[in-house]
Every structure is written in C-alpha cells, then in structure tokens.
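Participant: The structure file my_file-v1.txt (compact mmCIF, C-alpha atoms) is provided below.
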```txt
# COMPACT_ATOMS: atom_id res chain seq x y z
CA MET A 1 118.77 117.41 197.41
CA SER A 2 120.63 120.27 198.98
CA SER A 3 118.21 123.05 199.90
CA ILE A 4 114.91 124.77 199.24
CA ASP A 5 114.64 127.09 196.25
CA SER A 6 112.92 130.46 196.20
CA SER A 7 109.67 128.98 194.88
CA GLY A 8 109.39 126.64 197.86
CA GLY A 9 110.51 123.41 196.15
CA ASN A 10 113.58 121.27 196.56
CA THR A 11 116.80 122.44 194.98
CA LEU A 12 118.16 119.59 192.88
CA ARG A 13 121.61 118.84 191.58
CA LEU A 14 120.85 118.90 187.87
CA LEU A 15 123.18 117.85 185.06
CA ILE A 16 122.13 119.11 181.61
CA VAL A 17 123.84 117.53 178.59
CA THR A 18 123.84 119.56 175.39
CA PRO A 19 125.46 119.53 171.94
CA TYR A 20 125.51 123.35 171.96
CA LEU A 21 127.36 125.72 174.28
CA PRO A 22 124.57 128.21 175.10
CA HIS A 23 126.45 131.47 174.57
CA SER A 24 124.65 134.68 173.63
CA ARG A 25 125.79 134.54 169.98
CA VAL A 26 124.85 130.91 169.39
CA GLY A 27 122.70 132.12 166.50
CA HIS A 28 120.18 129.30 166.00
CA GLY A 29 116.89 128.25 167.55
CA GLY A 30 118.18 125.08 169.20
CA GLY A 31 121.03 126.85 170.96
CA THR A 32 118.70 129.67 172.00
CA SER A 33 116.31 127.11 173.49
CA VAL A 34 119.10 125.42 175.43
CA ARG A 35 120.23 128.79 176.79
CA ALA A 36 116.68 129.59 177.94
CA LEU A 37 116.28 126.17 179.58
CA VAL A 38 119.57 126.48 181.45
CA THR A 39 118.78 130.05 182.51
CA GLN A 40 115.46 129.03 184.03
CA MET A 41 116.79 125.89 185.70
CA ALA A 42 119.71 127.76 187.25
CA LYS A 43 117.19 130.01 189.03
CA ARG A 44 115.78 126.93 190.77
CA HIS A 45 118.54 124.36 190.98
CA GLU A 46 122.26 123.73 191.19
CA VAL A 47 123.05 123.28 187.49
CA THR A 48 126.09 121.75 185.86
CA LEU A 49 126.27 121.78 182.07
CA PHE A 50 128.06 119.01 180.17
CA SER A 51 128.46 120.75 176.83
CA LEU A 52 130.15 120.05 173.55
CA VAL A 53 132.43 122.97 172.72
CA ARG A 54 133.28 123.59 169.10
CA PRO A 55 136.29 125.33 167.54
CA GLY A 56 136.38 129.02 168.48
CA GLU A 57 134.06 128.65 171.49
CA SER A 58 136.51 127.80 174.28
CA GLY A 59 136.97 131.45 175.21
CA LEU A 60 133.22 131.73 175.86
CA ILE A 61 133.00 129.11 178.60
CA SER A 62 133.75 131.39 181.56
CA GLU A 63 131.45 134.05 180.12
CA VAL A 64 128.52 131.60 179.95
CA GLU A 65 129.26 130.31 183.47
CA SER A 66 129.16 133.84 184.82
CA GLU A 67 126.07 134.94 182.87
CA LEU A 68 123.96 131.88 183.70
CA ASN A 69 125.37 131.11 187.17
CA ILE A 70 126.29 127.52 186.31
CA ASN A 71 129.31 125.24 186.12
CA ILE A 72 130.36 123.88 182.74
CA ILE A 73 132.18 120.64 181.98
CA PRO A 74 133.36 121.06 178.38
CA TYR A 75 134.02 118.36 175.83
CA TYR A 76 136.01 119.78 172.92
CA PHE A 77 134.29 118.53 169.80
CA ALA A 78 136.06 118.75 166.44
CA ASP A 79 134.23 119.69 163.24
CA ILE A 80 135.02 121.16 159.83
CA ARG A 81 136.11 124.43 161.47
CA SER A 82 138.91 122.64 163.32
CA LYS A 83 142.57 123.32 162.47
CA TRP A 84 143.96 121.20 159.66
CA THR A 85 146.12 119.31 162.16
CA LYS A 86 142.89 117.90 163.68
CA TRP A 87 141.51 116.70 160.36
CA PRO A 88 143.09 113.19 160.29
CA ARG A 89 141.49 112.44 163.68
CA LEU A 90 138.23 114.08 162.58
CA ILE A 91 138.03 112.01 159.40
CA SER A 92 138.80 108.75 161.21
CA ASP A 93 136.21 109.52 163.91
CA ARG A 94 133.52 110.28 161.34
CA ALA A 95 134.36 107.16 159.35
CA PHE A 96 134.11 105.06 162.50
CA SER A 97 130.74 106.67 163.28
CA LEU A 98 129.52 105.71 159.81
CA ILE A 99 130.60 102.10 160.37
CA LYS A 100 128.90 102.03 163.79
CA SER A 101 125.72 103.36 162.19
CA PHE A 102 125.78 100.57 159.62
CA PHE A 103 125.94 97.87 162.30
CA SER A 104 123.70 99.49 164.95
CA GLY A 105 120.97 100.63 162.58
CA TYR A 106 120.90 104.01 164.34
CA PRO A 107 121.37 107.31 162.44
CA TYR A 108 124.91 108.38 161.63
CA TYR A 109 123.99 111.78 163.08
CA ALA A 110 123.49 110.15 166.49
CA GLU A 111 126.51 107.85 166.26
CA LYS A 112 128.63 110.94 165.53
CA TYR A 113 127.94 112.14 169.07
CA SER A 114 128.73 108.78 170.66
CA SER A 115 132.30 107.75 171.46
CA LYS A 116 134.29 106.23 174.29
CA HIS A 117 135.92 109.60 174.94
CA ILE A 118 132.57 111.38 175.40
CA ASP A 119 131.14 108.45 177.37
CA ASN A 120 134.06 108.35 179.80
CA LYS A 121 134.07 112.09 180.39
CA LEU A 122 130.32 112.08 181.03
CA LEU A 123 130.59 109.16 183.46
CA ASP A 124 133.39 110.94 185.34
CA ALA A 125 131.16 114.01 185.58
CA VAL A 126 128.23 112.01 186.91
CA LYS A 127 130.40 110.30 189.54
CA ALA A 128 131.81 113.64 190.68
CA ILE A 129 128.55 115.62 190.73
CA LYS A 130 126.17 112.88 191.90
CA PRO A 131 123.20 114.60 190.22
CA ASP A 132 119.61 113.98 191.22
CA ALA A 133 118.56 114.21 187.57
CA ILE A 134 120.27 114.16 184.17
CA HIS A 135 118.54 116.00 181.32
CA VAL A 136 119.91 115.25 177.85
CA GLU A 137 119.02 117.73 175.11
CA TYR A 138 118.38 116.51 171.54
CA LEU A 139 117.83 113.04 170.12
CA GLN A 140 121.27 113.06 168.49
CA MET A 141 122.74 112.92 172.00
CA SER A 142 120.48 110.10 173.14
CA LEU A 143 123.05 107.31 172.90
CA LEU A 144 124.64 108.85 176.00
CA LEU A 145 121.55 107.68 177.90
CA ARG A 146 122.34 104.13 176.83
CA THR A 147 125.85 104.63 178.24
CA LEU A 148 124.40 105.77 181.56
CA ILE A 149 122.01 102.82 181.71
CA LYS A 150 124.86 100.37 181.12
CA ALA A 151 126.91 102.08 183.83
CA GLU A 152 124.18 102.21 186.50
CA SER A 153 125.91 99.58 188.64
CA CYS A 154 129.00 101.74 189.04
CA LEU A 155 126.91 104.84 189.86
CA LYS A 156 125.18 103.32 192.86
CA PRO A 157 123.87 104.31 195.34
CA ASN A 158 123.20 107.67 193.63
CA ILE A 159 121.13 106.60 190.60
CA PRO A 160 119.88 109.80 188.94
CA GLY A 161 116.64 110.18 187.02
CA LEU A 162 117.23 110.18 183.27
CA PHE A 163 115.34 112.54 180.94
CA ILE A 164 115.62 113.56 177.31
CA GLY A 165 114.27 116.55 175.43
CA THR A 166 113.79 115.41 171.84
CA HIS A 167 113.25 118.87 170.22
CA GLU A 168 111.92 117.05 167.15
CA LEU A 169 111.42 113.49 165.96
CA GLY A 170 114.10 112.85 163.38
CA SER A 171 111.78 110.55 161.46
CA LEU A 172 109.14 113.20 160.76
CA PRO A 173 111.06 115.60 158.45
CA ARG A 174 112.46 112.59 156.53
CA GLN A 175 108.96 111.21 156.13
CA ARG A 176 107.79 114.56 154.76
CA LYS A 177 110.68 114.74 152.30
CA LEU A 178 109.97 111.17 151.24
CA GLN A 179 106.40 112.10 150.34
CA LYS A 180 107.67 114.89 148.05
CA THR A 181 110.59 113.27 146.25
CA ARG A 182 110.31 111.41 142.97
CA ASN A 183 113.97 110.43 142.82
CA PRO A 184 114.17 106.66 143.50
CA PHE A 185 117.70 106.85 144.93
CA LYS A 186 116.78 109.72 147.23
CA SER A 187 113.63 107.83 148.25
CA LEU A 188 115.71 104.80 149.21
CA ALA A 189 118.07 106.94 151.31
CA LEU A 190 115.19 108.73 153.03
CA ARG A 191 113.43 105.45 153.85
CA HIS A 192 116.62 104.15 155.43
CA GLN A 193 117.08 107.36 157.45
CA GLU A 194 113.45 107.42 158.57
CA ALA A 195 113.66 103.81 159.77
CA ALA A 196 116.91 104.51 161.63
CA TRP A 197 115.40 107.49 163.46
CA ARG A 198 112.22 105.58 164.27
CA MET A 199 114.24 102.80 165.88
CA LEU A 200 116.34 105.23 167.91
CA GLN A 201 113.30 107.24 169.01
CA VAL A 202 111.55 104.19 170.40
CA ASP A 203 114.68 102.72 171.99
CA VAL A 204 115.50 105.95 173.79
CA THR A 205 112.19 105.75 175.66
CA ASP A 206 113.48 102.52 177.21
CA TRP A 207 116.60 104.29 178.46
CA ALA A 208 114.93 107.46 179.78
CA ASP A 209 112.57 107.71 182.74
CA CYS A 210 110.63 110.28 180.73
CA THR A 211 110.90 111.48 177.12
CA PHE A 212 109.88 115.08 176.42
CA CYS A 213 108.20 115.78 173.07
CA VAL A 214 107.65 119.39 172.07
CA THR A 215 104.25 118.83 170.43
CA ASP A 216 101.27 116.56 171.03
CA GLN A 217 101.70 115.31 167.47
CA ASP A 218 105.28 114.17 168.19
CA ARG A 219 104.15 112.52 171.43
CA ASP A 220 101.32 110.66 169.72
CA LEU A 221 103.52 109.51 166.82
CA LEU A 222 106.19 108.24 169.19
CA THR A 223 103.64 106.47 171.39
CA GLU A 224 102.02 104.81 168.35
CA ASP A 225 105.45 103.49 167.34
CA GLY A 226 105.89 101.91 170.78
CA GLY A 227 107.46 104.72 172.78
CA LYS A 228 106.94 104.73 176.56
CA ASN A 229 106.59 107.47 179.17
CA CYS A 230 106.31 110.31 176.65
CA ARG A 231 105.17 113.75 177.79
CA THR A 232 104.49 116.97 175.89
CA ILE A 233 106.80 119.71 177.12
CA PRO A 234 106.92 122.56 174.59
CA LEU A 235 109.89 124.75 173.89
CA GLY A 236 109.39 128.16 175.40
CA ILE A 237 110.21 131.84 175.47
CA ASP A 238 111.48 134.00 178.32
CA THR A 239 108.60 136.47 178.37
CA ASP A 240 110.43 138.71 180.87
CA LEU A 241 113.46 139.02 178.61
CA ILE A 242 111.58 139.35 175.30
CA GLN A 243 109.04 142.13 175.30
CA THR A 244 106.75 143.41 172.56
CA VAL A 245 108.69 145.95 170.51
CA TRP A 246 106.72 146.04 167.26
CA GLU A 247 104.50 148.97 166.44
CA SER A 248 102.60 149.42 163.22
CA SER A 249 104.65 151.90 161.22
CA ASP A 250 105.49 153.06 157.72
CA SER A 251 108.25 150.45 157.40
CA LYS A 252 108.14 148.40 154.21
CA ASN A 253 110.63 145.77 155.40
CA LEU A 254 109.57 142.12 155.41
CA LEU A 255 111.79 139.99 157.63
CA PHE A 256 113.05 136.41 157.82
CA ILE A 257 115.50 135.37 160.56
CA GLY A 258 117.23 132.03 160.98
CA SER A 259 120.59 130.30 161.05
CA PHE A 260 121.49 129.68 157.43
CA GLU A 261 123.73 126.83 158.54
CA HIS A 262 120.47 124.91 159.06
CA PRO A 263 119.27 123.38 155.73
CA PRO A 264 115.50 123.98 156.29
CA ASN A 265 116.21 127.71 156.67
CA ARG A 266 118.15 127.81 153.39
CA THR A 267 115.33 125.92 151.67
CA CYS A 268 112.82 128.38 153.09
CA ALA A 269 114.82 131.44 152.03
CA LYS A 270 115.39 130.07 148.52
CA PHE A 271 111.65 129.43 148.14
CA LEU A 272 110.95 132.90 149.50
CA ILE A 273 113.29 134.62 147.02
CA ASP A 274 112.39 132.54 143.96
CA LYS A 275 108.65 131.92 144.37
CA ILE A 276 107.14 134.34 146.87
CA TRP A 277 109.05 137.59 146.64
CA PRO A 278 108.47 138.28 142.90
CA ASN A 279 104.70 138.15 143.46
CA VAL A 280 104.87 140.35 146.55
CA ALA A 281 107.26 142.90 145.01
CA GLN A 282 105.06 143.18 141.92
CA TYR A 283 102.33 144.81 144.02
CA ASN A 284 104.54 146.45 146.67
CA ASN A 285 107.52 147.81 144.81
CA GLU A 286 108.68 149.84 147.82
CA SER A 287 109.00 146.75 150.02
CA LYS A 288 112.32 145.16 150.93
CA LEU A 289 113.01 141.59 151.99
CA ILE A 290 115.53 141.38 154.84
CA LEU A 291 117.31 138.12 155.62
CA ALA A 292 119.12 137.97 158.97
CA GLY A 293 121.03 135.30 160.83
CA ARG A 294 124.40 133.61 160.73
CA GLY A 295 125.34 132.68 157.16
CA SER A 296 122.63 134.79 155.48
CA GLN A 297 125.10 136.97 153.58
CA GLN A 298 127.00 133.98 152.22
CA PHE A 299 123.70 132.35 151.29
CA LEU A 300 122.55 135.39 149.33
CA LYS A 301 125.86 135.56 147.44
CA SER A 302 125.36 131.94 146.37
CA CYS A 303 121.95 132.70 144.82
CA ASN A 304 121.50 133.65 141.17
CA SER A 305 119.67 136.78 139.99
CA VAL A 306 118.82 138.23 143.40
CA PRO A 307 116.61 141.34 143.18
CA ALA A 308 118.04 144.56 144.55
CA SER A 309 115.15 144.67 147.02
CA VAL A 310 116.53 141.60 148.86
CA ASN A 311 119.23 142.25 151.48
CA ALA A 312 121.11 140.05 153.96
CA LEU A 313 122.50 141.32 157.26
CA GLY A 314 124.36 138.31 158.67
CA PHE A 315 124.28 137.78 162.44
CA VAL A 316 122.38 140.57 164.21
CA GLU A 317 123.09 141.24 167.87
CA ASN A 318 120.01 143.34 168.64
CA LEU A 319 116.98 141.60 167.20
CA ALA A 320 114.55 143.93 168.95
CA LYS A 321 115.52 146.85 166.67
CA LEU A 322 115.17 144.64 163.61
CA TYR A 323 111.67 143.51 164.56
CA ASN A 324 110.70 147.07 165.42
CA LYS A 325 111.73 148.33 161.96
CA SER A 326 109.94 145.59 159.99
CA GLN A 327 106.32 145.34 158.89
CA LEU A 328 105.94 141.55 158.76
CA PHE A 329 107.83 138.39 159.66
CA ILE A 330 107.44 135.89 156.82
CA ALA A 331 108.54 132.27 157.10
CA PRO A 332 107.31 129.89 154.36
CA LEU A 333 108.88 126.88 156.07
CA LEU A 334 108.76 123.70 154.00
CA ASP A 335 110.78 121.22 156.08
CA GLY A 336 111.51 120.23 159.66
CA GLY A 337 109.57 119.07 162.66
CA GLY A 338 108.83 120.10 166.22
CA ILE A 339 108.35 123.68 167.37
CA LYS A 340 110.10 126.46 165.46
CA ILE A 341 111.83 128.82 167.88
CA LYS A 342 111.96 131.56 165.23
CA ILE A 343 108.14 131.63 165.18
CA LEU A 344 107.90 131.74 168.98
CA GLU A 345 110.40 134.61 169.12
CA ALA A 346 108.63 136.62 166.45
CA MET A 347 105.32 136.13 168.28
CA ALA A 348 106.94 137.28 171.53
CA TYR A 349 108.34 140.42 169.89
CA GLY A 350 104.80 141.23 168.73
CA ILE A 351 105.27 141.40 164.97
CA PRO A 352 102.59 140.08 162.57
CA ILE A 353 103.61 136.72 161.08
CA VAL A 354 102.87 134.87 157.86
CA THR A 355 103.95 131.23 157.88
CA THR A 356 103.02 127.72 156.75
CA PRO A 357 101.32 124.90 158.68
CA ILE A 358 104.80 123.44 159.33
CA GLY A 359 105.93 126.81 160.73
CA ALA A 360 102.92 127.02 163.05
CA GLU A 361 103.08 123.34 164.01
CA GLY A 362 102.72 122.75 167.74
CA ILE A 363 102.13 126.44 168.39
CA VAL A 364 98.77 127.55 166.94
CA ASP A 365 96.35 126.58 164.21
CA GLN A 366 93.90 128.51 162.06
CA SER A 367 91.28 128.56 164.81
CA ASP A 368 93.59 130.54 167.12
CA ASP A 369 93.47 133.43 164.62
CA ALA A 370 96.92 134.59 165.76
CA LEU A 371 99.07 134.09 162.63
CA PHE A 372 98.44 134.21 158.90
CA ILE A 373 98.86 130.51 158.02
CA SER A 374 99.02 129.55 154.37
CA SER A 375 100.13 126.61 152.25
CA PRO A 376 103.58 126.96 150.61
CA ASP A 377 102.23 127.64 147.14
CA GLY A 378 100.81 130.60 145.26
CA SER A 379 98.40 131.33 148.09
CA PHE A 380 101.29 132.18 150.41
CA ALA A 381 102.08 135.37 148.48
CA ASP A 382 98.37 136.21 148.64
CA SER A 383 98.48 135.89 152.45
CA VAL A 384 101.50 138.19 152.61
CA LEU A 385 99.67 140.78 150.51
CA GLN A 386 96.57 140.39 152.70
CA ALA A 387 98.63 141.14 155.81
CA LEU A 388 100.28 144.14 154.12
CA ASN A 389 97.00 145.58 152.85
CA ASP A 390 95.11 145.17 156.14
CA PRO A 391 97.45 146.52 158.83
CA GLU A 392 94.69 146.66 161.45
CA GLU A 393 93.99 142.94 161.06
CA ALA A 394 97.71 142.20 161.09
CA ALA A 395 98.15 144.17 164.31
CA ARG A 396 95.18 142.42 165.93
CA ARG A 397 96.66 138.99 165.16
CA ALA A 398 100.05 140.08 166.47
CA ILE A 399 98.50 141.05 169.81
CA LYS A 400 96.73 137.69 169.94
CA ALA A 401 100.01 135.91 169.16
CA ARG A 402 101.77 137.59 172.08
CA MET A 403 98.92 136.51 174.37
CA VAL A 404 99.36 132.91 173.18
CA ILE A 405 103.07 133.07 174.05
CA GLU A 406 102.36 134.36 177.55
CA GLN A 407 99.63 131.79 178.21
CA ARG A 408 101.22 128.65 176.71
CA PHE A 409 104.93 129.09 176.15
CA GLY A 410 106.40 131.02 179.07
CA TRP A 411 109.63 129.34 180.22
CA SER A 412 108.89 129.90 183.88
CA ALA A 413 105.83 127.61 183.84
CA ILE A 414 107.65 125.05 181.68
CA ALA A 415 110.57 124.97 184.14
CA ASP A 416 108.15 124.38 187.01
CA GLU A 417 106.62 121.42 185.15
CA LEU A 418 110.06 119.97 184.44
CA THR A 419 111.01 120.27 188.09
CA LYS A 420 107.93 118.27 189.11
CA LEU A 421 108.92 115.52 186.70
CA TYR A 422 112.53 115.48 187.92
CA GLU A 423 111.28 115.03 191.47
CA THR A 424 108.68 112.35 190.82
CA MET A 425 110.10 110.09 188.09
```
Could you spell out this file's structure in structure tokens?

Facilitator:
Amino acid sequence: MSSIDSSGGNTLRLLIVTPYLPHSRVGHGGGTSVRALVTQMAKRHEVTLFSLVRPGESGLISEVESELNINIIPYYFADIRSKWTKWPRLISDRAFSLIKSFFSGYPYYAEKYSSKHIDNKLLDAVKAIKPDAIHVEYLQMSLLLRTLIKAESCLKPNIPGLFIGTHELGSLPRQRKLQKTRNPFKSLALRHQEAAWRMLQVDVTDWADCTFCVTDQDRDLLTEDGGKNCRTIPLGIDTDLIQTVWESSDSKNLLFIGSFEHPPNRTCAKFLIDKIWPNVAQYNNESKLILAGRGSQQFLKSCNSVPASVNALGFVENLAKLYNKSQLFIAPLLDGGGIKIKILEAMAYGIPIVTTPIGAEGIVDQSDDALFISSPDGSFADSVLQALNDPEEAARRAIKARMVIEQRFGWSAIADELTKLYETM
C-alpha cells in the first residue's frame, strides 16, 4: 500500500482484468460498466488494466490511459475482424478451446479466453506490478483466477487478494431459454451449456476470495448451488457524469438503445418491431420508433417489411440529445441475466421507461413505482400506450427512477464498498 487517498483510505495497487478495452466508443453495456469501474477506482487507487485489445483498438490504448489516468497492459486478442493472415491461427485457437471445453466441462466461451499466452502475460504483469488486489471482470475470464491460484507459490511473498465481478450468471439465461424451447436438440444443447456454466460458477468461488454478484437473486442462486463468499455488488452509474436531460415535450419518438452485436438486444428489437410496434403505431400514427447503437442499421436492413416509422441511427456519440428528443425508452427484453446497463442509463437520463421483469431485474420491482413493468406479451403494448396517454404519470415515474439511481446505484458508493472488500479479504 503506497499512500493515503483523498477519501482518507489506503491507496492500493489494483490490477483490473477485463475482456473489453474501456474506450469511449465501446458501445455496449458491459464495456460501459468496465469504463465506469476503472474511472472510479483510478480516483482512489493506483490502477493497472490488463485488457484484451481487439482488431482496430490498438490506437485507442494511449487515449484511454490518458483519459482514465491508468496504465494498460494490452493483450492483442484475435477475432473475426482480424486480418485474413491471422485466420489460420484464430481457427486453430478456437478449435483447441472447443476441445478443452469438452474435456474440462467448462463453457467454450470461457475456454476461449484461457490460453498459455494470456496466462503467461498476466503472470508477468502480476510479478512486475505486485498488486494488492486483482479484480477480474466477467465470468468468461474466470479461468485466469485458476491460473493465479496455481501460480501462488511463485508470486510470494506478495500474494494479492483475488476478486471477480460476474456481471451475470451464465446459467440463468440458458435456463430461461430452456424453459421456452420445444426443440429437443436445442433443449439438449441448452442443458449442456447450463450445466457447464453452473460448474464454472461454483468453482470460481473456490478460486476467488470474494465473488461479486450484481443482484441478490444471482447471489442466492450461486450460494444455493454451493458457491462461497458471494456478495451483492450492483453495477452502477456515474451520477455526476450522467445528468437528467429529459423533459416532457411534444416529441413522438420512442427509443431503444443497445449494442446489436449482443443477441438479446437483437431478439428484443425484433420482438419490438414485429409484435409491439404495430399495436402502438395503430393508435399513435405520428410516433416513430428509433433504434440506436452499434449494428442497429445493419440489423434493420436484415429485417423484412419494416414500417417507415422505424428508423435506425447506428452508433450515437451524444446520447443525451437522443434521450432529450424522445418521449419514452422502451425495452421489451426477453433474454439475459444480471443488471441491464441500458435500463440504468435511461433511468439516470430521466426518461420514462417501459420494460419487462427481466429488464427491471435487480434494479426495481412493481412496488417501487419507478418504471412501467409489463410482461412481454400483448399487455406490453398496452403499457406503452398507457405511458404515452398519461404523460404526467410517466414524468412522475421518471423522477422516481432517477432518485432510485442516486440512492442505490451511484458508482462512488459502490467503489467505496469494493475498496473495503479489497482491504479486508
């Protein structure tokens, strides 16, 4: 521990491990959350980021270091956007990950982020930095904790605390899909995937000193399965950076924002266009549905018979203007687990929101009276129309939602809680 931070606590040497380089255009909720976490921790501690860097991102490293006041150790991670000359290595690596998954019983998605090359670079970083705590982001990166546990003898005498932020339990969305599907082959695949994630989730609690779950439900499920030392630490919002911008106006725009590279967002948007929007547009023919986020334009082009009242903007730099010019944020989310950053952000910007129980999961419930929460069926369109036809009620709930963000999901308080755990575990 090197010094005392401005809040009066010890300044720690903190190593954060992430699959996403947290640049300002990262364009999805997970990357946004990592950026917020790193920003807050860098205000309190000496932060080094061990980050996977994907094709096209290498030029952003120095920018992120400067913006967030951190040091970055990059690991250049190939994917489908890599140059064709990298594809033979990419294919062989992915095939090897699939074989490892077969023998380990862990998900392929986790084995994909586990290799000798990544392990060795991480170990070199730990030896050089001698961190007081290592915080790994995302369950898919959790096999790196196993690497650190196996290497503890060579890290002595500086044995850091090991922590993991799960973001979501991989088993939960597969379990939900399993309950819906009637395809026997898909059911078999989902059962296998659910079991693989359950095994990894429990095992990771043996490797980490503390496992952070973003909702009480996730924590309870993991504990019931045999998980140890699990704590609820929600994802948060920088309430200083994101201010209320929405004002009730004559705008007829209804908004959905998300990364369309993420399958649950594509499923949500497809359901919105096919099932919800026709019923809404029938009674509000002046309304427009706006889709925003990376990949939204390509997604819309792939859809059949899209009404003229549905538009896609692609990646939007200034979200504040978009929220300000929209009447509602609508997110009929059908899949996924954990806390949805898109819902937290919309609440922070102060816009009225209509979503599903999965969208509100871990954030609020009906009793909070802050969002319009409706099942993803015919009643969802009714809830949208209710919010449109009663702007005073919609505005009242939006104000309540912003209060919930400030009271429960401010990153500053979350960072303070994390610091206490780093120091005591």

Participant: Pick out the residues sitting within 6 Å of A:Ser326, and hand them over as a list of chain:residue names; count all atoms listed in the file, and ignore anything fewer than 2 positions along from it in its own chain.

Facilitator: A:Ser251, A:Asn253, A:Leu254, A:Tyr323, A:Asn324, A:Leu328

Participant: Do you know which residues are at most 12 Å from stretch 101-103 of chain A counting only C-alpha atoms, after dropping those on the same chain fewer than 2 positions away, and could you put them as a ChimeraX atom specification?

Facilitator: /A:94-99,105-114,143,192-193,196-197,200

Participant: Could you check the closest approach to A:Glu65 for each of A:Pro22, A:Pro160, A:Gly165, A:Gly226 and tell me which residue wins, using only C-alpha atoms?

Facilitator: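 Looking only at the distances to A:Glu65, the closest residue turns out to be A:Pro22.
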
Participant: Using the file's own x, y and z axes, what box holds all listed atoms of stretch 228-244 of chain A with 8 Å on each side, keeping edges along x, y and z, and what are its centre and edge lengths in Å to one decimal, as JSON?

Facilitator:
```
{"center_x": 109.0, "center_y": 124.1, "center_z": 176.7, "size_x": 25.0, "size_y": 54.7, "size_z": 24.3}
```

Participant: I'd like the contact shell of stretch 218-222 of chain A - 9 Å cut-off, only C-alpha atoms, skipping same-chain residues fewer than 2 positions apart - returned as a list in words.

Facilitator: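 Those residues are Glu168, Leu169, Leu172, Arg198, Gln201, Val202, Thr211, Phe212, Cys213, Val214, Thr215, Asp216, Glu224, Asp225, Gly226, Gly227, Lys228, Cys230, Arg231, Thr232, Gly337, Gly338 and Gly362 of chain A.
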
Participant: Which is closer to A:Met141 than all the others in A:Ala370, A:Tyr75, A:Pro19, A:Arg397, using all atoms listed in the file?

Facilitator: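 For A:Met141, the nearest of the candidates is A:Pro19.
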
Participant: Find the distance between atom CA of A:Lys127 and atom CA of A:Leu52 and write it in Å to one decimal.

Facilitator: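 Atom CA of A:Lys127 sits 18.7 Å away from atom CA of A:Leu52.
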
Participant: For atom CA of A:Glu194 and atom CA of A:Thr166, determine how far apart the two atoms are, in Å to one decimal place.

Facilitator: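 Atom CA of A:Thr166 lies 15.5 Å from atom CA of A:Glu194.
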
Participant: Tell me, as a PyMOL selection string, which residues lie within 7 Å of stretch 350-357 of chain A, counting all atoms listed in the file; anything in the same chain fewer than 4 positions away does not count.

Facilitator: chain A and resi 244-246+323+328-333+346+361+371-376+384+394-395+397-399+402

Participant: Under the rule that only C-alpha atoms are counted, which of A:Val204, A:Ala381, A:Ile91, A:Ile237 is the nearest residue to A:Leu272?

Facilitator: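 When distances to A:Leu272 are compared using only C-alpha atoms, the smallest one comes from A:Ala381.
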
Participant: Please, what distance in Å, to one decimal, runs between atom CA of A:Ile363 and atom CA of A:Ile276?

Facilitator: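 A separation of 23.5 Å between them.
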
Participant: Nearest to A:Lys252 among A:Glu417, A:Ile290, A:Ala269, A:Ile16, with distances taken over all atoms listed in the file: which residue is it?

Facilitator: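 Once distances to A:Lys252 are computed over all atoms listed in the file, the minimum belongs to A:Ile290.
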
Participant: Pick the closest to A:Asn389 from A:Leu291, A:Ile339, A:Ile118, A:Tyr283: which is it, counting only C-alpha atoms?

Facilitator: A:Tyr283

Participant: So that I can check the surroundings of A:Ala415, please list as a VMD selection string every protein, DNA and RNA residue that reaches within 10 Å of it, counting all atoms listed in the file and ignoring chain neighbours fewer than 2 positions away.

Facilitator: chain A and resid 36 to 41 43 to 44 233 236 410 to 413 417 to 421

Participant: Would you please work out which residue, of A:Val404, A:Val280, A:Val26, A:Leu12, is nearest to A:Val316 when using all atoms listed in the file?

Facilitator: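 Using all atoms listed in the file, A:Val316 sits closest to A:Val26.
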
Participant: Any chance you could model N, CA, C and O atoms for stretch 190-201 of chain A and send them as a PDB file, keeping the file's coordinate frame?

Facilitator:
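Generated file (selection-v5.pdb):
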```pdb
ATOM      1  N   LEU A 190     116.096 108.158 152.039  1.00  0.00           N
ATOM      2  CA  LEU A 190     115.190 108.730 153.030  1.00  0.00           C
ATOM      3  C   LEU A 190     114.459 107.642 153.815  1.00  0.00           C
ATOM      4  O   LEU A 190     114.239 107.775 155.021  1.00  0.00           O
ATOM      5  N   ARG A 191     114.082 106.556 153.148  1.00  0.00           N
ATOM      6  CA  ARG A 191     113.430 105.450 153.850  1.00  0.00           C
ATOM      7  C   ARG A 191     114.369 104.849 154.891  1.00  0.00           C
ATOM      8  O   ARG A 191     113.953 104.516 156.004  1.00  0.00           O
ATOM      9  N   HIS A 192     115.629 104.688 154.500  1.00  0.00           N
ATOM     10  CA  HIS A 192     116.620 104.150 155.430  1.00  0.00           C
ATOM     11  C   HIS A 192     116.791 105.089 156.631  1.00  0.00           C
ATOM     12  O   HIS A 192     116.815 104.639 157.784  1.00  0.00           O
ATOM     13  N   GLN A 193     116.899 106.391 156.372  1.00  0.00           N
ATOM     14  CA  GLN A 193     117.080 107.360 157.450  1.00  0.00           C
ATOM     15  C   GLN A 193     115.860 107.415 158.371  1.00  0.00           C
ATOM     16  O   GLN A 193     115.988 107.478 159.596  1.00  0.00           O
ATOM     17  N   GLU A 194     114.673 107.387 157.762  1.00  0.00           N
ATOM     18  CA  GLU A 194     113.450 107.420 158.570  1.00  0.00           C
ATOM     19  C   GLU A 194     113.381 106.210 159.494  1.00  0.00           C
ATOM     20  O   GLU A 194     113.067 106.332 160.686  1.00  0.00           O
ATOM     21  N   ALA A 195     113.696 105.033 158.966  1.00  0.00           N
ATOM     22  CA  ALA A 195     113.660 103.810 159.770  1.00  0.00           C
ATOM     23  C   ALA A 195     114.680 103.865 160.906  1.00  0.00           C
ATOM     24  O   ALA A 195     114.404 103.426 162.035  1.00  0.00           O
ATOM     25  N   ALA A 196     115.870 104.411 160.605  1.00  0.00           N
ATOM     26  CA  ALA A 196     116.910 104.510 161.630  1.00  0.00           C
ATOM     27  C   ALA A 196     116.475 105.429 162.769  1.00  0.00           C
ATOM     28  O   ALA A 196     116.667 105.117 163.956  1.00  0.00           O
ATOM     29  N   TRP A 197     115.870 106.570 162.424  1.00  0.00           N
ATOM     30  CA  TRP A 197     115.400 107.490 163.460  1.00  0.00           C
ATOM     31  C   TRP A 197     114.235 106.900 164.246  1.00  0.00           C
ATOM     32  O   TRP A 197     114.156 107.055 165.465  1.00  0.00           O
ATOM     33  N   ARG A 198     113.340 106.196 163.565  1.00  0.00           N
ATOM     34  CA  ARG A 198     112.220 105.580 164.270  1.00  0.00           C
ATOM     35  C   ARG A 198     112.722 104.583 165.312  1.00  0.00           C
ATOM     36  O   ARG A 198     112.221 104.531 166.442  1.00  0.00           O
ATOM     37  N   MET A 199     113.715 103.774 164.944  1.00  0.00           N
ATOM     38  CA  MET A 199     114.240 102.800 165.880  1.00  0.00           C
ATOM     39  C   MET A 199     114.893 103.473 167.087  1.00  0.00           C
ATOM     40  O   MET A 199     114.662 103.096 168.234  1.00  0.00           O
ATOM     41  N   LEU A 200     115.685 104.519 166.815  1.00  0.00           N
ATOM     42  CA  LEU A 200     116.340 105.230 167.910  1.00  0.00           C
ATOM     43  C   LEU A 200     115.312 105.892 168.821  1.00  0.00           C
ATOM     44  O   LEU A 200     115.420 105.834 170.052  1.00  0.00           O
ATOM     45  N   GLN A 201     114.313 106.530 168.227  1.00  0.00           N
ATOM     46  CA  GLN A 201     113.300 107.240 169.010  1.00  0.00           C
ATOM     47  C   GLN A 201     112.587 106.319 169.987  1.00  0.00           C
ATOM     48  O   GLN A 201     112.338 106.697 171.141  1.00  0.00           O
TER      49      GLN A 201
END
```
